[in-house]
Each structure stands twice: as structure tokens, then as C-alpha cells.
$ cat final.txt   # compact mmCIF, C-alpha atoms
# COMPACT_ATOMS: atom_id res chain seq x y z
CA MET A 1 -57.16 -34.97 -22.71
CA ALA A 2 -54.89 -37.70 -24.10
CA HIS A 3 -53.74 -35.36 -26.88
CA VAL A 4 -52.80 -32.63 -24.41
CA ASP A 5 -50.99 -35.12 -22.16
CA GLU A 6 -49.04 -36.35 -25.17
CA TRP A 7 -48.18 -32.78 -26.12
CA VAL A 8 -46.83 -32.07 -22.61
CA SER A 9 -44.70 -35.24 -22.72
CA THR A 10 -43.36 -34.33 -26.16
CA MET A 11 -42.32 -30.87 -24.98
CA LEU A 12 -40.44 -32.38 -22.04
CA GLU A 13 -38.73 -35.04 -24.14
CA THR A 14 -37.99 -33.41 -27.50
CA GLY A 15 -39.08 -29.84 -26.95
CA SER A 16 -38.89 -27.42 -29.83
CA MET A 17 -38.36 -28.09 -33.53
CA LYS A 18 -34.62 -28.15 -32.80
CA GLY A 19 -35.17 -31.28 -30.72
CA LYS A 20 -34.10 -29.79 -27.39
CA PRO A 21 -36.23 -30.65 -24.35
CA LEU A 22 -37.94 -27.72 -22.67
CA GLU A 23 -37.70 -26.97 -18.99
CA PRO A 24 -40.75 -27.99 -16.90
CA SER A 25 -41.29 -24.33 -15.96
CA THR A 26 -41.55 -23.40 -19.66
CA VAL A 27 -44.00 -26.23 -20.35
CA ARG A 28 -46.08 -25.25 -17.31
CA LEU A 29 -46.46 -21.71 -18.62
CA ALA A 30 -47.45 -22.99 -22.06
CA LEU A 31 -49.97 -25.40 -20.49
CA VAL A 32 -51.57 -22.53 -18.56
CA MET A 33 -52.14 -20.70 -21.84
CA VAL A 34 -53.59 -23.80 -23.47
CA GLN A 35 -55.93 -24.37 -20.51
CA GLU A 36 -57.16 -20.77 -20.71
CA VAL A 37 -58.00 -21.23 -24.40
CA THR A 38 -59.72 -24.60 -23.96
CA GLU A 39 -61.67 -23.35 -20.93
CA TYR A 40 -62.91 -20.37 -22.94
CA ALA A 41 -63.81 -22.60 -25.89
CA THR A 42 -65.79 -24.89 -23.59
CA ARG A 43 -67.70 -21.98 -22.03
CA GLN A 44 -68.58 -20.68 -25.49
CA GLY A 45 -69.85 -24.10 -26.57
CA MET A 46 -67.20 -24.47 -29.27
CA ILE A 47 -66.15 -27.85 -27.86
CA PRO A 48 -68.22 -30.29 -25.73
CA ARG A 49 -65.71 -30.50 -22.88
CA ASP A 50 -62.37 -29.06 -21.82
CA PRO A 51 -59.61 -31.47 -22.95
CA ALA A 52 -56.93 -29.78 -20.81
CA GLU A 53 -58.88 -29.40 -17.56
CA TYR A 54 -57.40 -32.40 -15.77
CA VAL A 55 -53.93 -32.42 -17.34
CA ASP A 56 -51.25 -32.28 -14.63
CA ALA A 57 -48.52 -29.69 -15.01
CA PRO A 58 -44.99 -31.15 -14.98
CA ARG A 59 -43.02 -30.82 -11.78
CA GLN A 60 -39.93 -28.69 -11.70
CA ARG A 61 -36.75 -30.75 -11.85
CA PRO A 62 -34.36 -29.42 -9.19
CA GLY A 63 -31.02 -28.65 -10.79
CA LYS A 64 -27.83 -29.92 -9.22
CA VAL A 65 -25.33 -27.44 -7.85
CA THR A 66 -21.67 -28.36 -8.35
CA SER A 67 -18.44 -26.95 -6.92
CA ALA A 68 -17.98 -25.00 -10.17
CA ASP A 69 -21.17 -23.04 -9.42
CA VAL A 70 -20.12 -21.69 -6.04
CA TRP A 71 -17.30 -19.90 -4.25
CA THR A 72 -15.19 -21.27 -1.44
CA ARG A 73 -15.51 -19.93 2.08
CA GLU A 74 -12.28 -17.98 1.55
CA GLN A 75 -13.61 -16.39 -1.64
CA VAL A 76 -16.76 -15.31 0.19
CA HIS A 77 -14.56 -13.60 2.79
CA THR A 78 -12.65 -11.86 -0.01
CA PHE A 79 -15.93 -10.59 -1.47
CA ALA A 80 -17.18 -9.40 1.93
CA GLU A 81 -13.94 -7.57 2.59
CA LYS A 82 -14.20 -5.73 -0.73
CA ALA A 83 -17.90 -5.00 -0.12
CA LYS A 84 -16.97 -3.05 3.02
CA GLU A 85 -16.07 -0.18 0.70
CA ASP A 86 -19.67 -0.03 -0.55
CA ARG A 87 -22.42 2.07 1.05
CA LEU A 88 -24.73 -0.98 1.08
CA TYR A 89 -22.17 -3.32 2.62
CA ALA A 90 -24.81 -4.60 5.06
CA ALA A 91 -27.07 -5.69 2.20
CA PHE A 92 -24.29 -7.54 0.40
CA LEU A 93 -23.26 -9.16 3.67
CA LEU A 94 -26.79 -10.52 4.08
CA SER A 95 -26.50 -11.99 0.58
CA THR A 96 -23.35 -13.86 1.62
CA TYR A 97 -25.36 -15.32 4.49
CA GLY A 98 -27.75 -16.83 1.96
CA LEU A 99 -30.71 -14.47 1.74
CA ARG A 100 -32.46 -14.35 -1.63
CA ARG A 101 -32.08 -11.20 -3.72
CA SER A 102 -35.81 -10.57 -3.37
CA GLU A 103 -35.50 -10.89 0.42
CA VAL A 104 -32.58 -8.48 0.71
CA CYS A 105 -34.22 -5.92 -1.59
CA GLY A 106 -37.58 -6.32 0.15
CA LEU A 107 -36.28 -6.00 3.72
CA ARG A 108 -37.65 -2.97 5.60
CA TRP A 109 -36.18 -1.41 8.71
CA SER A 110 -39.36 -2.44 10.52
CA ASP A 111 -38.36 -6.05 9.79
CA ILE A 112 -35.01 -5.59 11.54
CA ASP A 113 -34.78 -5.63 15.34
CA LEU A 114 -31.33 -4.29 16.21
CA THR A 115 -32.03 -4.64 19.94
CA ARG A 116 -32.69 -8.36 19.76
CA GLU A 117 -30.41 -8.65 16.72
CA THR A 118 -32.90 -10.46 14.50
CA LEU A 119 -34.43 -9.91 11.09
CA SER A 120 -37.74 -11.22 9.77
CA ILE A 121 -38.47 -12.09 6.17
CA GLU A 122 -41.98 -10.75 5.61
CA GLN A 123 -41.93 -9.76 1.94
CA GLY A 124 -39.88 -9.88 -1.25
CA HIS A 125 -39.04 -7.28 -3.90
CA VAL A 126 -39.25 -8.96 -7.30
CA GLU A 127 -39.09 -7.99 -10.96
CA VAL A 128 -41.18 -9.28 -13.84
CA GLU A 129 -39.35 -9.58 -17.17
CA GLY A 130 -36.84 -6.98 -16.03
CA LYS A 131 -39.40 -4.17 -16.36
CA GLU A 132 -42.10 -4.19 -13.70
CA HIS A 133 -41.25 -4.57 -10.06
CA ALA A 134 -43.41 -5.32 -7.08
CA VAL A 135 -43.28 -6.07 -3.38
CA ASP A 136 -45.12 -9.27 -2.57
CA GLU A 137 -45.43 -12.14 -0.12
CA PRO A 138 -42.34 -14.31 0.52
CA LYS A 139 -41.62 -16.94 -2.13
CA THR A 140 -42.95 -19.85 -0.03
CA THR A 141 -44.44 -20.47 3.42
CA ARG A 142 -41.01 -21.61 4.62
CA SER A 143 -39.50 -18.39 3.31
CA ARG A 144 -41.33 -16.41 6.01
CA ARG A 145 -38.88 -16.77 8.88
CA THR A 146 -37.03 -14.89 11.61
CA LEU A 147 -33.24 -15.21 11.73
CA PRO A 148 -30.66 -14.24 14.35
CA LEU A 149 -28.22 -11.64 13.06
CA PRO A 150 -24.53 -12.58 13.11
CA ALA A 151 -22.55 -9.97 15.04
CA GLU A 152 -20.86 -8.53 11.94
CA ALA A 153 -24.21 -8.19 10.13
CA ALA A 154 -25.81 -6.49 13.13
CA THR A 155 -22.94 -3.98 13.31
CA ALA A 156 -23.12 -3.28 9.56
CA LEU A 157 -26.89 -2.73 9.75
CA ARG A 158 -26.55 -0.30 12.67
CA GLU A 159 -24.00 1.71 10.68
CA LEU A 160 -26.21 1.71 7.57
CA ARG A 161 -29.26 2.82 9.54
CA THR A 162 -27.31 5.70 11.10
CA GLN A 163 -26.09 6.75 7.66
CA GLN A 164 -29.56 6.59 6.13
CA GLU A 165 -31.04 8.61 9.00
CA LYS A 166 -28.47 11.35 8.26
CA GLU A 167 -29.21 11.18 4.53
CA ARG A 168 -32.95 11.57 5.06
CA ALA A 169 -32.41 14.42 7.53
CA ALA A 170 -30.19 16.20 4.97
CA LEU A 171 -33.04 15.97 2.46
CA GLY A 172 -35.54 17.24 5.01
CA LEU A 173 -37.33 13.89 5.18
CA PRO A 174 -38.54 12.21 8.40
CA TRP A 175 -37.31 8.74 9.27
CA ASP A 176 -39.59 5.97 7.97
CA GLU A 177 -39.50 2.55 9.63
CA GLY A 178 -41.25 1.16 6.57
CA ALA A 179 -38.44 2.27 4.26
CA HIS A 180 -36.39 -0.40 2.53
CA MET A 181 -33.03 -1.18 4.06
CA CYS A 182 -31.60 -1.62 0.56
CA SER A 183 -32.26 1.89 -0.73
CA SER A 184 -30.50 4.70 -2.55
CA PHE A 185 -29.37 8.01 -1.05
CA ASP A 186 -32.81 9.54 -1.58
CA GLY A 187 -34.59 6.63 0.09
CA ARG A 188 -35.91 4.96 -3.05
CA PRO A 189 -35.76 1.12 -3.02
CA VAL A 190 -32.93 -0.37 -5.05
CA LEU A 191 -34.27 -2.47 -7.93
CA PRO A 192 -33.24 -6.14 -7.84
CA ARG A 193 -31.48 -5.94 -11.22
CA THR A 194 -29.54 -2.90 -10.00
CA PHE A 195 -28.49 -4.80 -6.88
CA THR A 196 -27.25 -7.64 -9.12
CA GLY A 197 -25.22 -5.18 -11.19
CA TRP A 198 -23.60 -3.75 -8.06
CA PHE A 199 -22.81 -7.29 -6.86
CA HIS A 200 -20.88 -7.99 -10.06
CA ARG A 201 -19.08 -4.64 -9.79
CA ILE A 202 -17.75 -5.67 -6.37
CA ARG A 203 -16.97 -9.21 -7.59
CA ILE A 204 -14.90 -7.88 -10.47
CA ALA A 205 -13.07 -5.43 -8.21
CA ALA A 206 -12.27 -8.31 -5.86
CA GLU A 207 -10.97 -10.35 -8.84
CA LEU A 208 -13.24 -13.28 -8.04
CA PRO A 209 -14.57 -15.96 -10.45
CA ARG A 210 -17.89 -15.13 -12.06
CA ILE A 211 -20.90 -16.65 -10.33
CA THR A 212 -24.48 -15.43 -10.25
CA LEU A 213 -25.92 -13.65 -7.25
CA ARG A 214 -28.22 -16.65 -6.87
CA ASN A 215 -25.17 -18.88 -6.63
CA LEU A 216 -23.89 -16.76 -3.76
CA ARG A 217 -26.93 -18.14 -1.92
CA HIS A 218 -25.97 -21.62 -3.10
CA THR A 219 -22.47 -20.96 -1.75
CA SER A 220 -23.94 -20.27 1.68
CA VAL A 221 -25.74 -23.62 1.62
CA SER A 222 -22.69 -25.60 0.51
CA VAL A 223 -20.38 -23.95 3.05
CA MET A 224 -22.79 -24.74 5.87
CA LEU A 225 -23.15 -28.35 4.75
CA HIS A 226 -19.37 -28.76 4.56
CA ALA A 227 -19.16 -27.38 8.09
CA ASN A 228 -21.42 -30.28 9.17
CA VAL A 229 -24.38 -28.06 9.98
CA PRO A 230 -27.43 -30.40 9.90
CA ALA A 231 -29.35 -30.24 6.62
CA SER A 232 -32.55 -29.45 8.53
CA THR A 233 -30.90 -26.39 10.08
CA VAL A 234 -29.45 -25.27 6.73
CA ALA A 235 -32.89 -25.62 5.15
CA ALA A 236 -34.55 -23.62 7.93
CA TRP A 237 -31.99 -20.82 7.64
CA HIS A 238 -32.45 -20.51 3.88
CA GLY A 239 -36.22 -21.02 3.87
CA HIS A 240 -35.94 -24.33 2.02
CA ASP A 241 -37.60 -27.70 2.27
CA VAL A 242 -34.94 -30.03 3.71
CA ARG A 243 -35.51 -32.57 0.91
CA MET A 244 -34.85 -29.91 -1.69
CA THR A 245 -31.71 -28.82 0.15
CA THR A 246 -30.21 -32.29 0.04
CA ALA A 247 -31.47 -33.05 -3.48
CA VAL A 248 -30.03 -29.91 -5.06
CA TYR A 249 -26.83 -29.56 -3.07
CA ASN A 250 -25.83 -33.16 -2.42
CA ARG A 251 -23.29 -33.20 -5.24
CA VAL A 252 -21.31 -30.36 -3.67
CA TYR A 253 -21.68 -32.04 -0.30
CA ASP A 254 -20.57 -35.41 -1.67
CA GLU A 255 -17.45 -33.85 -3.18
CA GLY A 256 -16.54 -32.57 0.25
CA LEU A 257 -17.07 -36.01 1.79
CA THR A 258 -14.92 -37.61 -0.91
CA THR A 259 -12.08 -35.23 -0.10
CA ALA A 260 -12.45 -35.95 3.61
CA ALA A 261 -12.34 -39.71 3.03
CA ALA A 262 -9.25 -39.42 0.82
CA ALA A 263 -7.46 -37.52 3.57
CA MET A 264 -7.79 -40.51 5.91
CA PHE A 265 -5.50 -42.83 3.94
CA GLY A 266 -4.00 -40.50 1.35
CA ASP A 267 -0.50 -40.40 2.86
CA MET A 268 -0.44 -44.19 3.36
CA ALA A 269 -1.36 -44.77 -0.28
CA GLU A 270 1.54 -42.59 -1.42
CA ALA A 271 3.91 -44.39 0.92
CA VAL A 272 3.08 -47.86 -0.45
$ encode --input "final.txt" --output "C-alpha cells"
Amino acid sequence: MAHVDEWVSTMLETGSMKGKPLEPSTVRLALVMVQEVTEYATRQGMIPRDPAEYVDAPRQRPGKVTSADVWTREQVHTFAEKAKEDRLYAAFLLSTYGLRRSEVCGLRWSDIDLTRETLSIEQGHVEVEGKEHAVDEPKTTRSRRTLPLPAEAATALRELRTQQEKERAALGLPWDEGAHMCSSFDGRPVLPRTFTGWFHRIRIAAELPRITLRNLRHTSVSVMLHANVPASTVAAWHGHDVRMTTAVYNRVYDEGLTTAAAAMFGDMAEAV
């Protein structure tokens, strides 16, 4: 066990032969493979006991999000305005509100209540190594949540539903409440990687700085924090643990506070 513990520590500190530390997620995957081998060897009587059985996997280190990783509120509005030209404007609008890519791509019409103007996150559409894709449970327990729809999002979703009903009728297909909201003209779900590609197409057309689709979610968090929305509320909206919200995004938040503090006496300092 001591040897395996030492190996895990070495991977986290010096990593590969190039001397670069490995991410905890990478080491966890490697440890799982080692544990499968040692468990098999123990069952077969090749070794007296499993040396990796009680080795703890390293915890994921939450990365910090800085102002360089996200857009401003104004840039988000620019993106949303350009996205209005896209058939799936409603889906991209939900991304600007902070939904995960898997949540947007996994959302079914049965999860959307346009009368009460709410949506419920009940599943996610994910890809494995860019090849296989599957619909599965939400990422975490907190990810399963019901959110009120902002007025603009509710309007966009109504328009998209009407359009998709017409598209299915034109193809001679009945309406299916279980169909994905984020779908192509023929009703097939849009793959997450395809959705990402379309996001960048709109971003480029809008002449906006390059950020990842994931960082559009980060943008939603940082904008809400700068607007003084309580961290607990921001976490609930995004399906986060509140401690993770403040740990990952506090640098962006702190930059906003620094600017606010400077504004208090900035003019006086220049006058002295």
C-alpha cells in the first residue's frame, strides 16, 4: 500500500518523465486501472493481499476562473443578439443563462413547462471521447433542479416549439413530448460537440473574444456575483455546491470588488 501511495504522490508532484505534475483526474483514472489489476491478482492468488485496495484517490483541485476566461455582460448581450439569427436561438440563450452543455443538449420538451414558465434538469446528453454519446442522469444531485424561465427565454422556447411542430408535421411525424429541444430539422438530437461548433460559429460572426462554451457558463456565474446575487442563490441556479462556487470564482469576484473600492476614492487620489 505504501508503494502505491508513494506512486500517487509522485504523479501529483512530478508527473510524467518530463517532470510535469499530472491533474488529479488523470491520476484517479490511472489508480482505477491499477486497482483493477491488483484486485484481479489478489483473487487469482498471485499476491497475498491487494496493495491498492485502501489507497485514497486524489481530490480534484478546483481551477480558478479569471476575468480573462469570461465575457463581460455586454459581450454576452452581443452574442445573444447575434444568436437570434440561428434556428436554435433558444438553446444558445439557455447557455448564456449558465446551463451546462449536457443540460441544454439533454433537455426534452417534457422538461419544459411553458405555462408555468419553468424548466427542469432531469438528464444530460454527454459524449465519451468525442465518439460515443449517451443520455444519462444529471452530473450531480444538485444538478437536478427546476428553474424559472426568464421572459426572453420563455418566448424563444415557444417560438422554437412552434417551428419544430411545423417541421415534424412537414415530415409526416407526430409531435413527441420526449423529443430533445436541441434537435435538428428532422428531430434528431444535436450532438454536444456539434452544439459547441455552432456556438463558435456565432461567436466568430459576432466578433467576440474566444472563450470555451464551458466558460460561457462561468461568465453567467461571474456576472451574477458582480450583480451582488448571493453566492448561495448563484450556486442553486447553476447546480453547484456554494463552496465550490466561491472557491472557483472568487478571483473574478475579487477583481470586481477591487474596482468598486477604487471607485470610492479614485478621483480624490488624482486630485491630491
$ residues_around --input "final.txt" --residues "A:Glu165" --least-positions-apart "4" --cutoff "12 Å" --atoms "all atoms listed in the file" --output "ChimeraX atom specification"
/A:109,158-161,169-177,179,181,183,185-187
$ residues_around --input "final.txt" --residues "stretch 220-222 of chain A" --least-positions-apart "2" --cutoff "10 Å" --atoms "all atoms listed in the file" --output "mmCIF file with C-alpha atoms, in the frame of the given file"
data_model
loop_
_atom_site.group_PDB
_atom_site.id
_atom_site.type_symbol
_atom_site.label_atom_id
_atom_site.label_comp_id
_atom_site.auth_asym_id
_atom_site.auth_seq_id
_atom_site.Cartn_x
_atom_site.Cartn_y
_atom_site.Cartn_z
ATOM 1 C CA VAL A 65 -25.330 -27.440 -7.850
ATOM 2 C CA THR A 66 -21.670 -28.360 -8.350
ATOM 3 C CA SER A 67 -18.440 -26.950 -6.920
ATOM 4 C CA VAL A 70 -20.120 -21.690 -6.040
ATOM 5 C CA TRP A 71 -17.300 -19.900 -4.250
ATOM 6 C CA THR A 72 -15.190 -21.270 -1.440
ATOM 7 C CA ARG A 73 -15.510 -19.930 2.080
ATOM 8 C CA VAL A 76 -16.760 -15.310 0.190
ATOM 9 C CA SER A 95 -26.500 -11.990 0.580
ATOM 10 C CA THR A 96 -23.350 -13.860 1.620
ATOM 11 C CA TYR A 97 -25.360 -15.320 4.490
ATOM 12 C CA GLY A 98 -27.750 -16.830 1.960
ATOM 13 C CA LEU A 99 -30.710 -14.470 1.740
ATOM 14 C CA ASN A 215 -25.170 -18.880 -6.630
ATOM 15 C CA LEU A 216 -23.890 -16.760 -3.760
ATOM 16 C CA ARG A 217 -26.930 -18.140 -1.920
ATOM 17 C CA HIS A 218 -25.970 -21.620 -3.100
ATOM 18 C CA MET A 224 -22.790 -24.740 5.870
ATOM 19 C CA LEU A 225 -23.150 -28.350 4.750
ATOM 20 C CA HIS A 226 -19.370 -28.760 4.560
ATOM 21 C CA ALA A 227 -19.160 -27.380 8.090
ATOM 22 C CA ASN A 228 -21.420 -30.280 9.170
ATOM 23 C CA VAL A 229 -24.380 -28.060 9.980
ATOM 24 C CA ALA A 231 -29.350 -30.240 6.620
ATOM 25 C CA VAL A 234 -29.450 -25.270 6.730
ATOM 26 C CA ALA A 235 -32.890 -25.620 5.150
ATOM 27 C CA TRP A 237 -31.990 -20.820 7.640
ATOM 28 C CA HIS A 238 -32.450 -20.510 3.880
ATOM 29 C CA THR A 245 -31.710 -28.820 0.150
ATOM 30 C CA THR A 246 -30.210 -32.290 0.040
ATOM 31 C CA TYR A 249 -26.830 -29.560 -3.070
ATOM 32 C CA ASN A 250 -25.830 -33.160 -2.420
ATOM 33 C CA ARG A 251 -23.290 -33.200 -5.240
ATOM 34 C CA VAL A 252 -21.310 -30.360 -3.670
ATOM 35 C CA TYR A 253 -21.680 -32.040 -0.300
ATOM 36 C CA GLY A 256 -16.540 -32.570 0.250
#
$ atom_distance --input "final.txt" --atom1 "atom CA of A:Cys182" --atom2 "atom CA of A:Leu88"
6.9 Å
$ atom_distance --input "final.txt" --atom1 "atom CA of A:Gln75" --atom2 "atom CA of A:His200"
13.9 Å
$ residues_around --input "final.txt" --residues "A:Thr118" --least-positions-apart "3" --cutoff "6 Å" --atoms "all atoms listed in the file" --output "ChimeraX atom specification"
/A:113,147-149
$ atom_distance --input "final.txt" --atom1 "atom CA of A:Glu85" --atom2 "atom CA of A:Thr115"
25.4 Å
$ closest_residue --input "final.txt" --among "A:Leu157, A:Glu36, A:Arg214, A:Ser120" --to "A:Ala90" --atoms "all atoms listed in the file"
A:Leu157
$ closest_residue --input "final.txt" --among "A:His180, A:Arg43, A:Arg142, A:Lys82" --to "A:Val104" --atoms "all atoms listed in the file"
A:His180
$ axis_aligned_box --input "final.txt" --around "stretch 200-204 of chain A" --padding-each-side "8 Å" --output "AutoDock Vina command-line options"
--center_x -17.9 --center_y -6.9 --center_z -8.4 --size_x 22.0 --size_y 20.6 --size_z 20.1
$ residues_around --input "final.txt" --residues "A:Phe79" --least-positions-apart "6" --cutoff "9 Å" --atoms "only C-alpha atoms" --output "list in words"
Thr96, Ile202, Arg203, Ala205, Ala206, Glu207 and Leu208 of chain A
$ write_last_selection --input "final.txt" --atoms "C-alpha atoms" --output "mmCIF file, in the coordinates of the input"
data_model
loop_
_atom_site.group_PDB
_atom_site.id
_atom_site.type_symbol
_atom_site.label_atom_id
_atom_site.label_comp_id
_atom_site.auth_asym_id
_atom_site.auth_seq_id
_atom_site.Cartn_x
_atom_site.Cartn_y
_atom_site.Cartn_z
ATOM 1 C CA THR A 96 -23.350 -13.860 1.620
ATOM 2 C CA ILE A 202 -17.750 -5.670 -6.370
ATOM 3 C CA ARG A 203 -16.970 -9.210 -7.590
ATOM 4 C CA ALA A 205 -13.070 -5.430 -8.210
ATOM 5 C CA ALA A 206 -12.270 -8.310 -5.860
ATOM 6 C CA GLU A 207 -10.970 -10.350 -8.840
ATOM 7 C CA LEU A 208 -13.240 -13.280 -8.040
#
$ closest_residue --input "final.txt" --among "A:Ala41, A:Gly124, A:Leu119, A:Lys166" --to "A:Arg145" --atoms "only C-alpha atoms"
A:Leu119
$ closest_residue --input "final.txt" --among "A:Thr233, A:Ser102, A:Thr212, A:Thr42" --to "A:Val190" --atoms "only C-alpha atoms"
A:Ser102
$ closest_residue --input "final.txt" --among "A:Ala91, A:Ala154, A:Ile112, A:Val32" --to "A:Thr196" --atoms "only C-alpha atoms"
A:Ala91
$ closest_residue --input "final.txt" --among "A:Tyr40, A:Met33, A:Ser184, A:Leu93" --to "A:Glu81" --atoms "all atoms listed in the file"
A:Leu93
